[in-house]
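Okay, structure first, notes after.
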Amino acid sequence: MRKPRPNTYNPAQALHLIASDRSALPLACPSCSGEITREPALYPPPTNSHVTLKCTVCGRFARYIAGNG
């Protein structure tokens, strides 16, 4: 029996969300239009830190590694 997969965005949705975050645009879930929380909340994030964007409504998430700026 397989383990259930975590709720993740499809690649196109994740890329759009990450690009919006890097451009400091307001974030909304591409699936349900819910609010997105960001961890770490610090903007811009420290170089080479892991950034997690998670919807508070549906629980989907996307992760990326912050670049040099």
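Within each chain, counting starts at residue 1; across the structure tokens, chains are named A, B, ... in the order shown, with ligands numbered 1 upward in that order.
With only C-alpha atoms taken into account, the protein and nucleic acid residues at most 10 Å from range 11-15 of chain A (excluding it and anything under 5 positions from it in its own chain) are A:Ser20, A:Asp21, A:Cys29, A:Pro30, A:Ser31, A:Leu53, A:Arg60, A:Phe61, A:Ala62, A:Arg63, A:Tyr64.
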| query | Out of chain A, which residues get alpha helix (DSSP H) from DSSP, as number ranges by chain? | reply | A: 11-22
Given the selection you just returned, output its residues as a file containing C-alpha atoms, formatted as a PDB file, in the first residue's frame.
ATOM      1  CA  PRO A  11       4.371  22.528 -11.533  1.00  0.00           C
ATOM      2  CA  ALA A  12       2.779  25.454 -13.402  1.00  0.00           C
ATOM      3  CA  GLN A  13       0.945  26.661 -10.289  1.00  0.00           C
ATOM      4  CA  ALA A  14       4.073  26.313  -8.146  1.00  0.00           C
ATOM      5  CA  LEU A  15       6.215  28.289 -10.612  1.00  0.00           C
ATOM      6  CA  HIS A  16       3.623  31.066 -10.785  1.00  0.00           C
ATOM      7  CA  LEU A  17       3.378  31.252  -6.991  1.00  0.00           C
ATOM      8  CA  ILE A  18       7.173  31.260  -6.543  1.00  0.00           C
ATOM      9  CA  ALA A  19       7.640  33.947  -9.219  1.00  0.00           C
ATOM     10  CA  SER A  20       4.995  36.110  -7.535  1.00  0.00           C
ATOM     11  CA  ASP A  21       6.698  35.663  -4.163  1.00  0.00           C
ATOM     12  CA  ARG A  22      10.127  36.568  -5.545  1.00  0.00           C
TER      13      ARG A  22
END
| task | Would you work out the distance separating CA of Ala28 in chain A from CA of Val57 in chain A, expressed in Å to one decimal? | result | 10.5 Å
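CA of Asn10 in chain A sits 24.6 Å away from CA of Tyr43 in chain A.
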| request: Check the DSSP output for the backbone and give back, as a list of chain:residue names, the residues of chain A in strand (DSSP E). | output: A:Ile36, A:Thr37, A:Arg38, A:Glu39, A:His50, A:Val51, A:Thr52, A:Leu53, A:Lys54, A:Cys55, A:Phe61, A:Ala62, A:Arg63, A:Tyr64, A:Ile65
Selection from above, N, CA and C atoms, as a short mmCIF file (atom, residue, chain, number, x, y, z; two decimals), in the first residue's frame, can you write it?
data_model
loop_
_atom_site.label_atom_id
_atom_site.label_comp_id
_atom_site.auth_asym_id
_atom_site.auth_seq_id
_atom_site.Cartn_x
_atom_site.Cartn_y
_atom_site.Cartn_z
N ILE A 36 -2.06 32.73 1.57
CA ILE A 36 -0.80 32.00 1.58
C ILE A 36 0.04 32.48 2.75
N THR A 37 0.54 31.54 3.55
CA THR A 37 1.50 31.89 4.60
C THR A 37 2.89 31.55 4.08
N ARG A 38 3.84 32.31 4.56
CA ARG A 38 5.21 32.19 4.09
C ARG A 38 6.13 31.91 5.27
N GLU A 39 7.00 30.93 5.12
CA GLU A 39 7.95 30.61 6.17
C GLU A 39 9.34 30.57 5.56
N HIS A 50 15.56 27.91 2.76
CA HIS A 50 14.39 27.23 2.21
C HIS A 50 13.16 28.07 2.52
N VAL A 51 12.34 28.35 1.52
CA VAL A 51 11.12 29.13 1.67
C VAL A 51 9.94 28.20 1.39
N THR A 52 8.96 28.19 2.28
CA THR A 52 7.76 27.39 2.11
C THR A 52 6.56 28.30 1.99
N LEU A 53 5.78 28.11 0.95
CA LEU A 53 4.54 28.86 0.73
C LEU A 53 3.40 27.87 0.89
N LYS A 54 2.50 28.13 1.86
CA LYS A 54 1.44 27.17 2.17
C LYS A 54 0.09 27.87 2.24
N CYS A 55 -0.93 27.26 1.64
CA CYS A 55 -2.29 27.78 1.68
C CYS A 55 -2.92 27.43 3.01
N PHE A 61 1.14 23.26 -0.76
CA PHE A 61 2.36 24.03 -0.50
C PHE A 61 3.33 23.93 -1.67
N ALA A 62 4.26 24.89 -1.69
CA ALA A 62 5.36 24.91 -2.65
C ALA A 62 6.59 25.33 -1.88
N ARG A 63 7.74 24.77 -2.24
CA ARG A 63 9.00 25.11 -1.59
C ARG A 63 10.01 25.50 -2.65
N TYR A 64 10.89 26.44 -2.25
CA TYR A 64 12.01 26.79 -3.12
C TYR A 64 13.16 27.28 -2.27
N ILE A 65 14.33 27.38 -2.88
CA ILE A 65 15.52 27.88 -2.19
C ILE A 65 15.77 29.29 -2.68
#
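If you look at CA of Asn7 in chain A and CA of Gly59 in chain A, they are 6.5 Å away from each other.
Considering only C-alpha atoms, the residue among A:Thr56, A:Pro45, A:Thr8, A:Gly67 positioned nearest to Leu27 in chain A is A:Thr56.
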